[in-house]
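Undergrad: Here you go, this is coords05.pdb (PDB, C-alpha atoms and all ligand atoms).
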```
ATOM      1  CA  MET C  11     -58.628  97.529 -76.625  1.00  0.00           C
ATOM      2  CA  GLY C  12     -56.881  94.170 -77.283  1.00  0.00           C
ATOM      3  CA  ALA C  13     -56.994  91.289 -74.841  1.00  0.00           C
ATOM      4  CA  ALA C  14     -53.331  91.644 -73.865  1.00  0.00           C
ATOM      5  CA  ALA C  15     -53.803  95.280 -72.841  1.00  0.00           C
ATOM      6  CA  GLU C  16     -56.606  94.271 -70.507  1.00  0.00           C
ATOM      7  CA  ARG C  17     -54.595  91.735 -68.562  1.00  0.00           C
ATOM      8  CA  PRO C  18     -54.133  92.765 -64.946  1.00  0.00           C
ATOM      9  CA  SER C  19     -50.514  93.141 -63.883  1.00  0.00           C
ATOM     10  CA  CYS C  20     -50.672  94.618 -60.358  1.00  0.00           C
ATOM     11  CA  VAL C  21     -52.594  92.144 -58.232  1.00  0.00           C
ATOM     12  CA  VAL C  22     -52.853  91.491 -54.497  1.00  0.00           C
ATOM     13  CA  LEU C  23     -53.836  88.064 -53.170  1.00  0.00           C
ATOM     14  CA  LEU C  24     -55.601  88.432 -49.845  1.00  0.00           C
ATOM     15  CA  GLY C  25     -56.488  85.563 -47.554  1.00  0.00           C
ATOM     16  CA  ALA C  26     -55.944  83.873 -44.220  1.00  0.00           C
ATOM     17  CA  PRO C  27     -52.858  81.771 -43.470  1.00  0.00           C
ATOM     18  CA  GLY C  28     -53.128  78.588 -45.527  1.00  0.00           C
ATOM     19  CA  SER C  29     -55.739  79.964 -47.923  1.00  0.00           C
ATOM     20  CA  GLY C  30     -53.451  79.251 -50.891  1.00  0.00           C
ATOM     21  CA  LYS C  31     -52.015  82.712 -51.584  1.00  0.00           C
ATOM     22  CA  GLY C  32     -48.519  81.413 -52.276  1.00  0.00           C
ATOM     23  CA  THR C  33     -49.762  78.531 -54.426  1.00  0.00           C
ATOM     24  CA  GLN C  34     -52.013  80.745 -56.535  1.00  0.00           C
ATOM     25  CA  ALA C  35     -49.482  83.604 -56.702  1.00  0.00           C
ATOM     26  CA  ALA C  36     -46.944  81.286 -58.348  1.00  0.00           C
ATOM     27  CA  LEU C  37     -49.472  80.029 -60.910  1.00  0.00           C
ATOM     28  CA  LEU C  38     -50.805  83.479 -61.731  1.00  0.00           C
ATOM     29  CA  ALA C  39     -47.339  85.003 -61.939  1.00  0.00           C
ATOM     30  CA  GLY C  40     -46.324  82.408 -64.509  1.00  0.00           C
ATOM     31  CA  GLU C  41     -49.411  83.114 -66.524  1.00  0.00           C
ATOM     32  CA  LEU C  42     -49.134  86.907 -66.462  1.00  0.00           C
ATOM     33  CA  GLY C  43     -45.351  87.038 -66.821  1.00  0.00           C
ATOM     34  CA  VAL C  44     -44.799  89.088 -63.667  1.00  0.00           C
ATOM     35  CA  PRO C  45     -43.071  88.014 -60.427  1.00  0.00           C
ATOM     36  CA  ALA C  46     -44.847  86.580 -57.407  1.00  0.00           C
ATOM     37  CA  VAL C  47     -43.744  88.711 -54.473  1.00  0.00           C
ATOM     38  CA  SER C  48     -44.228  86.897 -51.172  1.00  0.00           C
ATOM     39  CA  THR C  49     -43.361  88.950 -48.112  1.00  0.00           C
ATOM     40  CA  GLY C  50     -43.374  85.773 -45.997  1.00  0.00           C
ATOM     41  CA  ASP C  51     -40.783  84.154 -48.305  1.00  0.00           C
ATOM     42  CA  MET C  52     -38.636  87.294 -48.271  1.00  0.00           C
ATOM     43  CA  LEU C  53     -38.684  87.451 -44.470  1.00  0.00           C
ATOM     44  CA  ARG C  54     -37.920  83.722 -44.127  1.00  0.00           C
ATOM     45  CA  GLN C  55     -35.022  84.148 -46.567  1.00  0.00           C
ATOM     46  CA  ALA C  56     -33.702  87.044 -44.480  1.00  0.00           C
ATOM     47  CA  VAL C  57     -33.809  84.805 -41.404  1.00  0.00           C
ATOM     48  CA  ALA C  58     -32.058  81.970 -43.296  1.00  0.00           C
ATOM     49  CA  ASP C  59     -29.378  84.439 -44.451  1.00  0.00           C
ATOM     50  CA  SER C  60     -28.911  85.776 -40.893  1.00  0.00           C
ATOM     51  CA  SER C  61     -29.195  89.300 -42.314  1.00  0.00           C
ATOM     52  CA  PRO C  62     -29.945  92.303 -40.069  1.00  0.00           C
ATOM     53  CA  LEU C  63     -33.571  92.151 -41.258  1.00  0.00           C
ATOM     54  CA  GLY C  64     -33.656  88.449 -40.428  1.00  0.00           C
ATOM     55  CA  GLY C  65     -32.384  89.103 -36.920  1.00  0.00           C
ATOM     56  CA  GLN C  66     -35.020  91.790 -36.478  1.00  0.00           C
ATOM     57  CA  VAL C  67     -37.979  89.629 -37.581  1.00  0.00           C
ATOM     58  CA  GLU C  68     -37.076  86.061 -36.575  1.00  0.00           C
ATOM     59  CA  ARG C  69     -38.868  86.089 -33.227  1.00  0.00           C
ATOM     60  CA  LEU C  70     -41.999  87.673 -34.726  1.00  0.00           C
ATOM     61  CA  LEU C  71     -42.273  85.051 -37.479  1.00  0.00           C
ATOM     62  CA  ALA C  72     -41.811  82.221 -34.993  1.00  0.00           C
ATOM     63  CA  ALA C  73     -44.605  83.651 -32.824  1.00  0.00           C
ATOM     64  CA  GLY C  74     -47.006  84.349 -35.709  1.00  0.00           C
ATOM     65  CA  GLU C  75     -46.962  88.103 -35.053  1.00  0.00           C
ATOM     66  CA  LEU C  76     -46.781  90.771 -37.734  1.00  0.00           C
ATOM     67  CA  VAL C  77     -43.573  92.610 -38.570  1.00  0.00           C
ATOM     68  CA  ASP C  78     -44.012  96.368 -38.152  1.00  0.00           C
ATOM     69  CA  ASP C  79     -45.569  98.333 -40.995  1.00  0.00           C
ATOM     70  CA  ARG C  80     -42.581 100.607 -41.540  1.00  0.00           C
ATOM     71  CA  THR C  81     -40.164  97.720 -42.023  1.00  0.00           C
ATOM     72  CA  MET C  82     -42.610  96.028 -44.385  1.00  0.00           C
ATOM     73  CA  ALA C  83     -43.030  99.180 -46.479  1.00  0.00           C
ATOM     74  CA  ARG C  84     -39.248  99.355 -46.914  1.00  0.00           C
ATOM     75  CA  VAL C  85     -38.986  95.660 -47.835  1.00  0.00           C
ATOM     76  CA  VAL C  86     -41.821  95.871 -50.367  1.00  0.00           C
ATOM     77  CA  GLU C  87     -40.691  99.134 -51.943  1.00  0.00           C
ATOM     78  CA  GLU C  88     -37.157  97.768 -52.434  1.00  0.00           C
ATOM     79  CA  ARG C  89     -38.560  94.600 -53.998  1.00  0.00           C
ATOM     80  CA  LEU C  90     -40.914  96.421 -56.363  1.00  0.00           C
ATOM     81  CA  GLN C  91     -38.013  98.560 -57.569  1.00  0.00           C
ATOM     82  CA  GLN C  92     -36.297  95.472 -59.010  1.00  0.00           C
ATOM     83  CA  PRO C  93     -36.341  95.329 -62.828  1.00  0.00           C
ATOM     84  CA  ASP C  94     -38.424  92.150 -62.955  1.00  0.00           C
ATOM     85  CA  ALA C  95     -41.315  93.998 -61.277  1.00  0.00           C
ATOM     86  CA  ALA C  96     -41.308  96.863 -63.762  1.00  0.00           C
ATOM     87  CA  ARG C  97     -44.300  95.421 -65.619  1.00  0.00           C
ATOM     88  CA  GLY C  98     -46.205  94.345 -62.543  1.00  0.00           C
ATOM     89  CA  PHE C  99     -46.337  91.809 -59.700  1.00  0.00           C
ATOM     90  CA  ILE C 100     -48.547  89.437 -57.780  1.00  0.00           C
ATOM     91  CA  LEU C 101     -48.342  90.381 -54.110  1.00  0.00           C
ATOM     92  CA  ASP C 102     -48.756  87.487 -51.660  1.00  0.00           C
ATOM     93  CA  GLY C 103     -48.964  88.496 -48.000  1.00  0.00           C
ATOM     94  CA  TYR C 104     -48.925  92.263 -48.392  1.00  0.00           C
ATOM     95  CA  PRO C 105     -50.740  94.415 -47.397  1.00  0.00           C
ATOM     96  CA  ARG C 106     -51.846  92.944 -44.071  1.00  0.00           C
ATOM     97  CA  THR C 107     -52.962  96.077 -42.223  1.00  0.00           C
ATOM     98  CA  ARG C 108     -54.799  99.224 -43.157  1.00  0.00           C
ATOM     99  CA  VAL C 109     -51.544 101.193 -42.781  1.00  0.00           C
ATOM    100  CA  GLN C 110     -49.860  98.769 -45.198  1.00  0.00           C
ATOM    101  CA  ALA C 111     -52.695  99.298 -47.685  1.00  0.00           C
ATOM    102  CA  ASP C 112     -52.037 103.046 -47.548  1.00  0.00           C
ATOM    103  CA  ASP C 113     -48.276 102.444 -47.801  1.00  0.00           C
ATOM    104  CA  LEU C 114     -48.783 100.267 -50.876  1.00  0.00           C
ATOM    105  CA  GLU C 115     -50.851 102.941 -52.539  1.00  0.00           C
ATOM    106  CA  ALA C 116     -48.073 105.452 -51.864  1.00  0.00           C
ATOM    107  CA  ILE C 117     -45.364 103.065 -53.124  1.00  0.00           C
ATOM    108  CA  LEU C 118     -47.283 102.443 -56.344  1.00  0.00           C
ATOM    109  CA  GLY C 119     -48.119 106.124 -56.712  1.00  0.00           C
ATOM    110  CA  ARG C 120     -44.396 106.958 -56.685  1.00  0.00           C
ATOM    111  CA  ARG C 121     -44.087 104.613 -59.682  1.00  0.00           C
ATOM    112  CA  SER C 122     -47.211 105.973 -61.396  1.00  0.00           C
ATOM    113  CA  ARG C 123     -48.937 102.638 -60.890  1.00  0.00           C
ATOM    114  CA  CYS C 124     -52.130 101.514 -59.232  1.00  0.00           C
ATOM    115  CA  LEU C 125     -53.645  98.204 -58.225  1.00  0.00           C
ATOM    116  CA  ASP C 126     -55.665  96.332 -60.831  1.00  0.00           C
ATOM    117  CA  ALA C 127     -57.395  93.945 -58.457  1.00  0.00           C
ATOM    118  CA  VAL C 128     -57.380  92.357 -55.011  1.00  0.00           C
ATOM    119  CA  VAL C 129     -58.322  88.676 -55.080  1.00  0.00           C
ATOM    120  CA  ARG C 130     -59.621  87.270 -51.830  1.00  0.00           C
ATOM    121  CA  LEU C 131     -59.291  83.516 -51.321  1.00  0.00           C
ATOM    122  CA  ALA C 132     -62.002  82.332 -48.927  1.00  0.00           C
ATOM    123  CA  VAL C 133     -61.407  79.020 -47.116  1.00  0.00           C
ATOM    124  CA  PRO C 134     -63.177  77.625 -44.007  1.00  0.00           C
ATOM    125  CA  GLU C 135     -61.094  77.822 -40.826  1.00  0.00           C
ATOM    126  CA  ALA C 136     -60.998  74.055 -40.191  1.00  0.00           C
ATOM    127  CA  GLU C 137     -59.448  73.572 -43.653  1.00  0.00           C
ATOM    128  CA  LEU C 138     -56.904  76.347 -43.014  1.00  0.00           C
ATOM    129  CA  ILE C 139     -55.733  74.631 -39.834  1.00  0.00           C
ATOM    130  CA  ALA C 140     -55.597  71.211 -41.519  1.00  0.00           C
ATOM    131  CA  ARG C 141     -53.501  72.585 -44.398  1.00  0.00           C
ATOM    132  CA  ALA C 142     -51.040  74.352 -42.118  1.00  0.00           C
ATOM    133  CA  LEU C 143     -50.626  71.383 -39.808  1.00  0.00           C
ATOM    134  CA  GLY C 144     -50.146  69.119 -42.830  1.00  0.00           C
ATOM    135  CA  ARG C 145     -47.315  71.267 -44.149  1.00  0.00           C
ATOM    136  CA  LYS C 146     -45.047  71.584 -41.080  1.00  0.00           C
ATOM    137  CA  ARG C 147     -43.274  74.889 -41.834  1.00  0.00           C
ATOM    138  CA  ALA C 148     -41.411  76.301 -38.808  1.00  0.00           C
ATOM    139  CA  ASP C 149     -44.412  78.504 -37.877  1.00  0.00           C
ATOM    140  CA  ASP C 150     -46.969  75.750 -38.502  1.00  0.00           C
ATOM    141  CA  ASP C 151     -47.360  74.318 -34.994  1.00  0.00           C
ATOM    142  CA  GLU C 152     -50.957  74.495 -33.841  1.00  0.00           C
ATOM    143  CA  LYS C 153     -50.533  77.265 -31.266  1.00  0.00           C
ATOM    144  CA  VAL C 154     -48.751  79.542 -33.760  1.00  0.00           C
ATOM    145  CA  VAL C 155     -51.215  78.714 -36.554  1.00  0.00           C
ATOM    146  CA  ARG C 156     -54.116  79.715 -34.295  1.00  0.00           C
ATOM    147  CA  ARG C 157     -52.300  82.917 -33.385  1.00  0.00           C
ATOM    148  CA  ARG C 158     -51.685  83.705 -37.098  1.00  0.00           C
ATOM    149  CA  LEU C 159     -55.409  83.181 -37.757  1.00  0.00           C
ATOM    150  CA  GLU C 160     -56.325  85.490 -34.870  1.00  0.00           C
ATOM    151  CA  VAL C 161     -53.941  88.158 -36.161  1.00  0.00           C
ATOM    152  CA  TYR C 162     -55.449  87.755 -39.628  1.00  0.00           C
ATOM    153  CA  ARG C 163     -59.018  88.190 -38.322  1.00  0.00           C
ATOM    154  CA  ARG C 164     -58.126  91.269 -36.284  1.00  0.00           C
ATOM    155  CA  ARG C 165     -55.600  93.089 -38.479  1.00  0.00           C
ATOM    156  CA  THR C 166     -56.018  91.851 -42.063  1.00  0.00           C
ATOM    157  CA  ALA C 167     -59.643  90.771 -42.570  1.00  0.00           C
ATOM    158  CA  PRO C 168     -60.879  94.415 -42.418  1.00  0.00           C
ATOM    159  CA  LEU C 169     -59.032  94.967 -45.713  1.00  0.00           C
ATOM    160  CA  VAL C 170     -61.696  92.857 -47.436  1.00  0.00           C
ATOM    161  CA  GLU C 171     -64.279  95.593 -46.849  1.00  0.00           C
ATOM    162  CA  TYR C 172     -61.752  98.318 -47.556  1.00  0.00           C
ATOM    163  CA  TYR C 173     -60.961  96.917 -51.011  1.00  0.00           C
ATOM    164  CA  ARG C 174     -64.614  96.117 -51.668  1.00  0.00           C
ATOM    165  CA  GLU C 175     -65.388  99.794 -51.125  1.00  0.00           C
ATOM    166  CA  GLN C 176     -62.587 100.670 -53.541  1.00  0.00           C
ATOM    167  CA  GLY C 177     -64.202  98.449 -56.176  1.00  0.00           C
ATOM    168  CA  LEU C 178     -61.059  96.301 -56.412  1.00  0.00           C
ATOM    169  CA  LEU C 179     -62.179  93.166 -54.568  1.00  0.00           C
ATOM    170  CA  ARG C 180     -62.703  89.858 -56.399  1.00  0.00           C
ATOM    171  CA  GLU C 181     -63.995  86.989 -54.253  1.00  0.00           C
ATOM    172  CA  VAL C 182     -62.854  83.443 -54.991  1.00  0.00           C
ATOM    173  CA  ASP C 183     -63.784  80.141 -53.320  1.00  0.00           C
ATOM    174  CA  GLY C 184     -60.384  78.852 -52.218  1.00  0.00           C
ATOM    175  CA  HIS C 185     -61.825  75.585 -50.910  1.00  0.00           C
ATOM    176  CA  GLN C 186     -61.516  73.695 -54.191  1.00  0.00           C
ATOM    177  CA  PRO C 187     -58.687  71.742 -55.828  1.00  0.00           C
ATOM    178  CA  VAL C 188     -55.709  73.955 -56.738  1.00  0.00           C
ATOM    179  CA  GLU C 189     -56.467  73.995 -60.476  1.00  0.00           C
ATOM    180  CA  ALA C 190     -60.135  74.865 -59.860  1.00  0.00           C
ATOM    181  CA  VAL C 191     -59.082  77.771 -57.620  1.00  0.00           C
ATOM    182  CA  ALA C 192     -56.664  78.934 -60.334  1.00  0.00           C
ATOM    183  CA  ALA C 193     -59.483  78.858 -62.910  1.00  0.00           C
ATOM    184  CA  SER C 194     -61.728  80.852 -60.536  1.00  0.00           C
ATOM    185  CA  VAL C 195     -58.956  83.412 -60.017  1.00  0.00           C
ATOM    186  CA  ARG C 196     -58.533  83.816 -63.772  1.00  0.00           C
ATOM    187  CA  GLN C 197     -62.279  84.214 -64.202  1.00  0.00           C
ATOM    188  CA  ALA C 198     -62.527  86.733 -61.360  1.00  0.00           C
ATOM    189  CA  LEU C 199     -59.752  88.812 -62.908  1.00  0.00           C
ATOM    190  CA  ALA C 200     -61.276  88.631 -66.374  1.00  0.00           C
ATOM    191  CA  GLU C 201     -64.586  89.879 -65.002  1.00  0.00           C
ATOM    192  CA  GLY C 202     -62.898  92.698 -63.108  1.00  0.00           C
ATOM    193  CA  ASN C 203     -63.017  96.313 -64.143  1.00  0.00           C
ATOM    194  CA  GLY C 204     -60.366  97.924 -61.959  1.00  0.00           C
ATOM    195  CA  TRP C 205     -57.591  98.125 -64.513  1.00  0.00           C
ATOM    196  CA  CYS C 206     -55.468 101.271 -64.499  1.00  0.00           C
TER     197      CYS C 206
HETATM  198  P1  LIG Y 301     -46.722  84.216 -44.880  1.00  0.00           P
HETATM  199  O1  LIG Y 301     -45.620  83.422 -45.436  1.00  0.00           O
HETATM  200  O2  LIG Y 301     -47.418  85.211 -45.741  1.00  0.00           O
HETATM  201  O3  LIG Y 301     -47.735  83.206 -44.240  1.00  0.00           O
HETATM  202  P2  LIG Y 301     -49.328  83.152 -44.162  1.00  0.00           P
HETATM  203  O4  LIG Y 301     -50.113  84.336 -44.540  1.00  0.00           O
HETATM  204  O5  LIG Y 301     -49.549  82.610 -42.805  1.00  0.00           O
HETATM  205  O6  LIG Y 301     -49.669  82.213 -45.321  1.00  0.00           O
HETATM  206  P3  LIG Y 301     -49.163  80.776 -45.634  1.00  0.00           P
HETATM  207  O7  LIG Y 301     -47.872  80.832 -46.359  1.00  0.00           O
HETATM  208  O8  LIG Y 301     -49.259  79.898 -44.420  1.00  0.00           O
HETATM  209  O9  LIG Y 301     -50.361  80.315 -46.559  1.00  0.00           O
HETATM  210  P4  LIG Y 301     -50.751  80.755 -48.024  1.00  0.00           P
HETATM  211  O10 LIG Y 301     -52.060  81.470 -47.999  1.00  0.00           O
HETATM  212  O11 LIG Y 301     -49.621  81.375 -48.775  1.00  0.00           O
HETATM  213  O12 LIG Y 301     -51.058  79.319 -48.604  1.00  0.00           O
HETATM  214  P5  LIG Y 301     -50.068  78.333 -49.374  1.00  0.00           P
HETATM  215  O13 LIG Y 301     -50.204  78.507 -50.823  1.00  0.00           O
HETATM  216  O14 LIG Y 301     -48.704  78.387 -48.762  1.00  0.00           O
HETATM  217  O15 LIG Y 301     -46.231  85.038 -43.604  1.00  0.00           O
HETATM  218  C1  LIG Y 301     -45.486  84.388 -42.578  1.00  0.00           C
HETATM  219  C2  LIG Y 301     -45.146  85.390 -41.496  1.00  0.00           C
HETATM  220  O16 LIG Y 301     -44.345  86.465 -42.050  1.00  0.00           O
HETATM  221  C3  LIG Y 301     -46.328  86.125 -40.855  1.00  0.00           C
HETATM  222  O17 LIG Y 301     -46.905  85.359 -39.812  1.00  0.00           O
HETATM  223  C4  LIG Y 301     -45.651  87.395 -40.335  1.00  0.00           C
HETATM  224  O18 LIG Y 301     -44.920  87.137 -39.175  1.00  0.00           O
HETATM  225  C5  LIG Y 301     -44.664  87.724 -41.457  1.00  0.00           C
HETATM  226  N1  LIG Y 301     -45.220  88.603 -42.511  1.00  0.00           N
HETATM  227  C6  LIG Y 301     -45.385  88.288 -43.818  1.00  0.00           C
HETATM  228  N2  LIG Y 301     -45.922  89.313 -44.484  1.00  0.00           N
HETATM  229  C7  LIG Y 301     -46.101  90.304 -43.582  1.00  0.00           C
HETATM  230  C8  LIG Y 301     -46.639  91.609 -43.668  1.00  0.00           C
HETATM  231  N3  LIG Y 301     -47.131  92.099 -44.822  1.00  0.00           N
HETATM  232  N4  LIG Y 301     -46.697  92.355 -42.536  1.00  0.00           N
HETATM  233  C9  LIG Y 301     -46.218  91.885 -41.363  1.00  0.00           C
HETATM  234  N5  LIG Y 301     -45.694  90.635 -41.217  1.00  0.00           N
HETATM  235  C10 LIG Y 301     -45.635  89.855 -42.332  1.00  0.00           C
HETATM  236  O19 LIG Y 301     -50.781  76.946 -48.999  1.00  0.00           O
HETATM  237  C11 LIG Y 301     -50.758  76.440 -47.668  1.00  0.00           C
HETATM  238  C12 LIG Y 301     -50.777  74.897 -47.748  1.00  0.00           C
HETATM  239  O20 LIG Y 301     -52.019  74.492 -48.328  1.00  0.00           O
HETATM  240  C13 LIG Y 301     -49.675  74.297 -48.620  1.00  0.00           C
HETATM  241  O21 LIG Y 301     -49.270  73.085 -48.077  1.00  0.00           O
HETATM  242  C14 LIG Y 301     -50.370  74.085 -49.978  1.00  0.00           C
HETATM  243  O22 LIG Y 301     -49.798  73.061 -50.714  1.00  0.00           O
HETATM  244  C15 LIG Y 301     -51.789  73.761 -49.543  1.00  0.00           C
HETATM  245  N6  LIG Y 301     -52.798  74.212 -50.495  1.00  0.00           N
HETATM  246  C16 LIG Y 301     -52.806  75.375 -51.218  1.00  0.00           C
HETATM  247  N7  LIG Y 301     -53.907  75.458 -51.980  1.00  0.00           N
HETATM  248  C17 LIG Y 301     -54.619  74.324 -51.736  1.00  0.00           C
HETATM  249  C18 LIG Y 301     -55.873  73.826 -52.211  1.00  0.00           C
HETATM  250  N8  LIG Y 301     -56.622  74.514 -53.090  1.00  0.00           N
HETATM  251  N9  LIG Y 301     -56.316  72.644 -51.732  1.00  0.00           N
HETATM  252  C19 LIG Y 301     -55.579  71.941 -50.832  1.00  0.00           C
HETATM  253  N10 LIG Y 301     -54.378  72.354 -50.340  1.00  0.00           N
HETATM  254  C20 LIG Y 301     -53.911  73.530 -50.785  1.00  0.00           C
END
```
Show the structure stored in the file as C-alpha cells.
Ligand code: AP5

TA:
Amino acid sequence: MGAAAERPSCVVLLGAPGSGKGTQAALLAGELGVPAVSTGDMLRQAVADSSPLGGQVERLLAAGELVDDRTMARVVEERLQQPDAARGFILDGYPRTRVQADDLEAILGRRSRCLDAVVRLAVPEAELIARALGRKRADDDEKVVRRRLEVYRRRTAPLVEYYREQGLLREVDGHQPVEAVAASVRQALAEGNGWC
C-alpha cells in the first residue's frame, strides 16, 4: 500500500480544556487536507449569530457545562455532511461523553466510515489553567475554567480508556512547544494501525 493510502483522515483529538486540541487540529487539518471541525467554535459562532442553537447553548457555554448529547449529535452530523468533510475530518471537542462516542460511531457508520485514530493530548493541570487564563476567551475566567476541567475529568476523561480498549488511542505529550507537539502527533499517527 502506498504512503498516501495509509494517511489517517478521520481523527479525533481528545484532551482537557487548554490542552491544545484547537491548535493541533488546525495544523493537522492543513497537513492532511481535511477540515478541522471544532464543536466549541461552531457553538460560539451560533451564539455570535444569535441563531436558535446559539440561544439554546449560550448559558451552558458561559458556565462551562456541556451541551446535551442529542443537540451535539445533530450539530456534528450536519457538519460532517458538508462536502469538505467527504474525505475526512479532524474532530476537536467531540466526542465528550460516552453517549457522544456511540453517536459518532453511528454517524460515521451511516457514511460507511470509521475512526482512524484518537489522539490524546496530555498536559498537566497547572499548565492548562495558565494557558486558559492567559487567553481570556469569554469562558476563560478562573471559576469557569475550573468547572470545565471538572466536567472534563468526570464526563470526558473516561473516553481515554474506552478508546484505548478499542485500539484507537494514541498518547501524545502536549506539554511541549506547539511544533514539538505537532511532530509527536504526526509520529503517533504514523505508528498507528487503526486505519479503516
Ligand atoms: P471548546 O471550545 O472545545 O473548549 P475546550 O475543550 O475547553 O478547549 P479549549 O478551546 O479551551 O482548548 P483546546 O484544547 O482547544 O486548546 P487550544 O488549542 O485552544 O468547548 C467550549 C464549550 O463548548 C464547552 O465548555 C461546552 O460548553 C461546549 N461544547 C463544545 N463541544 C461540546 C460537546 N462535544 N459536547 C457538549 N458541549 C460541548 O489552546 C489553548 C491555549 O493554549 C491557546 O491560547 C493556545 O495558543 C495555547 N497553546 C496551545 N498549544 C500550546 C502549547 N503546546 N504550548 C503553549 N501554549 C499552547

Undergrad: If I take CA of Ser48 in chain C and CA of Ala36 in chain C, how far is one from the other in Å, to one decimal?

TA: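 Computing the Euclidean distance for CA of Ser48 in chain C and CA of Ala36 in chain C yields 9.5 Å.
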
Undergrad: Around all listed atoms of ligand LIG 301 (chain Y), padded 3 Å per side, what centre and edge lengths does the axis-aligned box have in Å to one decimal, as JSON?

TA:
```
{"center_x": -50.5, "center_y": 82.1, "center_z": -46.1, "size_x": 18.3, "size_y": 26.4, "size_z": 19.9}
```

Undergrad: Between atom C12 of ligand LIG 301 (chain Y) and CA of Gly28 in chain C, what is the distance, to one decimal in Å?

TA: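 Between atom C12 of ligand LIG 301 (chain Y) and CA of Gly28 in chain C the gap is 4.9 Å.
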
Undergrad: From the list C:Val154, C:Arg121, C:Gln34, C:Gln91, which residue is nearest Leu70 in chain C when using only C-alpha atoms?

TA: C:Val154

Undergrad: Enumerate as a compact mmCIF listing (two decimals) with C-alpha atoms, in the frame of the given file the residues within 7 Å of ligand LIG 301 (chain Y), counting all atoms listed in the file.

TA:
```txt
# COMPACT_ATOMS: atom_id res chain seq x y z
CA GLY C 25 -56.49 85.56 -47.55
CA ALA C 26 -55.94 83.87 -44.22
CA PRO C 27 -52.86 81.77 -43.47
CA GLY C 28 -53.13 78.59 -45.53
CA SER C 29 -55.74 79.96 -47.92
CA GLY C 30 -53.45 79.25 -50.89
CA LYS C 31 -52.02 82.71 -51.58
CA GLY C 32 -48.52 81.41 -52.28
CA THR C 33 -49.76 78.53 -54.43
CA GLN C 34 -52.01 80.74 -56.54
CA SER C 48 -44.23 86.90 -51.17
CA THR C 49 -43.36 88.95 -48.11
CA GLY C 50 -43.37 85.77 -46.00
CA ASP C 51 -40.78 84.15 -48.30
CA LEU C 53 -38.68 87.45 -44.47
CA LEU C 70 -42.00 87.67 -34.73
CA LEU C 71 -42.27 85.05 -37.48
CA GLY C 74 -47.01 84.35 -35.71
CA GLU C 75 -46.96 88.10 -35.05
CA LEU C 76 -46.78 90.77 -37.73
CA VAL C 77 -43.57 92.61 -38.57
CA ASP C 78 -44.01 96.37 -38.15
CA ASP C 79 -45.57 98.33 -41.00
CA MET C 82 -42.61 96.03 -44.38
CA ASP C 102 -48.76 87.49 -51.66
CA GLY C 103 -48.96 88.50 -48.00
CA TYR C 104 -48.92 92.26 -48.39
CA PRO C 105 -50.74 94.42 -47.40
CA ARG C 106 -51.85 92.94 -44.07
CA ARG C 141 -53.50 72.58 -44.40
CA ALA C 142 -51.04 74.35 -42.12
CA GLY C 144 -50.15 69.12 -42.83
CA ARG C 145 -47.32 71.27 -44.15
CA ARG C 158 -51.68 83.70 -37.10
CA GLY C 184 -60.38 78.85 -52.22
CA HIS C 185 -61.82 75.58 -50.91
CA GLN C 186 -61.52 73.69 -54.19
CA PRO C 187 -58.69 71.74 -55.83
CA VAL C 188 -55.71 73.96 -56.74
CA VAL C 191 -59.08 77.77 -57.62
```

Undergrad: Counting only C-alpha atoms, I want the residues whose atoms come within 7 Å of (-50.3, 93.2, -66.2) in the file frame, returned as a list in words.

TA: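 Here the neighbourhood of the point contains Arg17, Pro18, Ser19, Cys20, Leu42, Arg97 and Gly98 of chain C.
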
Undergrad: I'd like to know which of C:Val128, C:Val195, C:Met52, C:Val67 is closest to Glu175 in chain C, using all atoms listed in the file.

TA: C:Val128

Undergrad: Once the PyMOL selection byres (((chain C and resi 167) around 10) and not hetatm) is applied to the coordinates I shared, what remains selected? I want it as a list of chain:residue names.

TA: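 Expected selection for the PyMOL selection byres (((chain C and resi 167) around 10) and not hetatm) here is C:Leu24, C:Gly25, C:Ala26, C:Arg106, C:Thr107, C:Arg108, C:Arg130, C:Leu159, C:Glu160, C:Val161, C:Tyr162, C:Arg163, C:Arg164, C:Arg165, C:Thr166, C:Pro168, C:Leu169, C:Val170, C:Glu171, C:Tyr172.
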
Undergrad: So, with only C-alpha atoms as the atoms that count, which of C:Ser60, C:Val47, C:Leu125, C:Ala198 lies closest to Leu178 in chain C?

TA: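 Closest candidate: C:Leu125.
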
Undergrad: Grab the CA of Val133 in chain C to CA of Asp183 in chain C distance for me, in Å with one decimal place.

TA: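 That distance, rounded to one decimal, is 6.7 Å.
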
Undergrad: Of the residues C:Leu90, C:Ala95, C:Ile100, C:Leu63, which is the one nearest to Asp126 in chain C, using all atoms listed in the file?

TA: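 Smallest separation from Asp126 in chain C among the options: C:Ile100.
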
Undergrad: If the PyMOL selection byres (((chain C and resi 112-115) around 9) and not hetatm) were run on this exact file, what residues would it hold? Put them as number ranges by chain.

TA: C: 79-80, 83, 86-87, 104-105, 107-111, 116-120, 123-125

Undergrad: With distances taken over all atoms listed in the file, which of C:Ala190, C:Ile139, C:Ala35, C:Val182 is nearest to Val155 in chain C?

TA: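 That would be C:Ile139, the residue with the smallest distance to Val155 in chain C.
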
Undergrad: Determine, counting only C-alpha atoms, which protein, DNA and RNA residues have an atom within 10 Å of an atom of Asp94 in chain C; residues of the same chain fewer than 6 positions away are not included. Present the result as a PyMOL selection string.

TA: chain C and resi 43-45

Undergrad: For Ala132 in chain C, which of C:Thr81, C:Asp151, C:Ala46, C:Arg180 is the closest residue, counting all atoms listed in the file?

TA: C:Arg180

Undergrad: So that each row is one residue of range 80-176 of chain C with an atom at most 12 Å from range 54-58 of chain C, can you give its shortest atom pair and the distance in Å to one decimal, using only C-alpha atoms, rows by chain and rising number, as CSV?

TA:
```
residue,atom,partner,partner_atom,distance
C:Val85,CA,C:Ala56,CA,10.6
C:Arg147,CA,C:Arg54,CA,10.6
C:Ala148,CA,C:Arg54,CA,9.8
C:Asp149,CA,C:Arg54,CA,10.4
```
